[in-house]
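Asker: I have a structure I would like to understand better, so I am pasting it below and will then ask my questions one at a time.
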Amino acid sequence: MCSETNAKVLVDASTTLARVPIDVSDLGIDFLVASGHTAMGPTGSGFLWADYKTLSSMTPWQGGGEMIDEVFLEESTYAPPPGRFEAGTPAIAESVGLGASATEIMTQGIRNIYERELKFGTKLVESLGEISGLRIVGSTDNRLSIASFNVQNIPPSRLQELLMKKGFEVSAGFHSSQPLHDALKLHEGSVRVSFGVSNTEQDIARFVKALGEVVSKSD
């Protein structure tokens, strides 16, 4: 469909980049973007991937140092990609941090991380399922170590507050998907917890225990 209309395909891989093996050559896409902080990198960092032919057909969207080839009074020519899209002083510290996170991911091995995520996801779903009044949002099959959920009679924002008091950082709200929550009749959103490469199964057990204590006290 996209090729018929000459439309470009962009994939947002922010959630999956550091968890799932990705080969852009197999996807048949034009662009892939991801954020750094979801891949153990600094906040404010990220990247755009595109094939060289696509980048070469695009004009710069900003002007500044390093993106110019030659400047004349009548016209200017631009540097070849990716330089033409990197105007001005880059975020040097953030880029160094993003590079370090990429090195760590490659050292651990993305396939190893993915298999560990599946194992943790199974453990997380099974453990959450034992808590009375808890509803997991979405499918529980082949889930990675992230889950959104609701607990009966406890608003997500209140549940977040109680869990944070026990030392667990979770998100509460719509997680950039309010239409989905509305369709599921979750008009106050949900609570989301995720575990990464630095966590252990013991961390999952500690979290579920703390959540169970919060729920039991609210009954």
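So you can find residues: chains in the structure tokens are A, B, ... in the order shown, residues in each start at 1, and ligands are numbered from 1 in order.
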Please provide as a count of residues only all residues within 9 Å of Ile136 in chain A, with the sequence filter that same-chain residues fewer than 2 positions apart are discarded (counting only C-alpha atoms).

Answerer: 12

Asker: Using backbone DSSP assignments, extract all alpha helix (DSSP H) residues from range 8-45 of chain A; output them as a PyMOL selection string.

Answerer: chain A and resi 24-27

Asker: Check the smallest atom-to-atom distance from each of A:Val215, A:Leu159, A:Val11, A:Val20 to Val33 in chain A using only C-alpha atoms, then report the winner.

Answerer: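 Closest to Val33 in chain A of all the choices is A:Val11.
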
Asker: Select, from A:Glu94, A:Lys209, A:Asn142, A:Arg135, the residue with the minimum atom-to-atom distance to Ser190 in chain A, counting only C-alpha atoms.

Answerer: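 Of all the options, A:Arg135 lies closest to Ser190 in chain A.
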
Asker: Any idea what the distance is between CA of Ala34 in chain A and CA of Thr15 in chain A?

Answerer: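 About the pair CA of Ala34 in chain A and CA of Thr15 in chain A: they are 7.8 Å apart.
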
Asker: For Glu86 in chain A, which residue out of A:Gly109, A:Gly28, A:Gly41, A:Pro60 is the nearest one, using only C-alpha atoms?

Answerer: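 Looking only at the distances to Glu86 in chain A, the closest residue turns out to be A:Pro60.
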
Asker: Excluding Val214 in chain A and any residue of its chain fewer than 3 positions from it, enumerate the residues within 12 Å of it, using only C-alpha atoms, and give them as a ChimeraX atom specification.

Answerer: /A:131-134,151-154,158-166,207-211,217-219

Asker: Could you check how far CA of Glu104 in chain A sits from CA of Val9 in chain A, in Å to one decimal?

Answerer: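 Here the two named atoms are 28.8 Å from each other.
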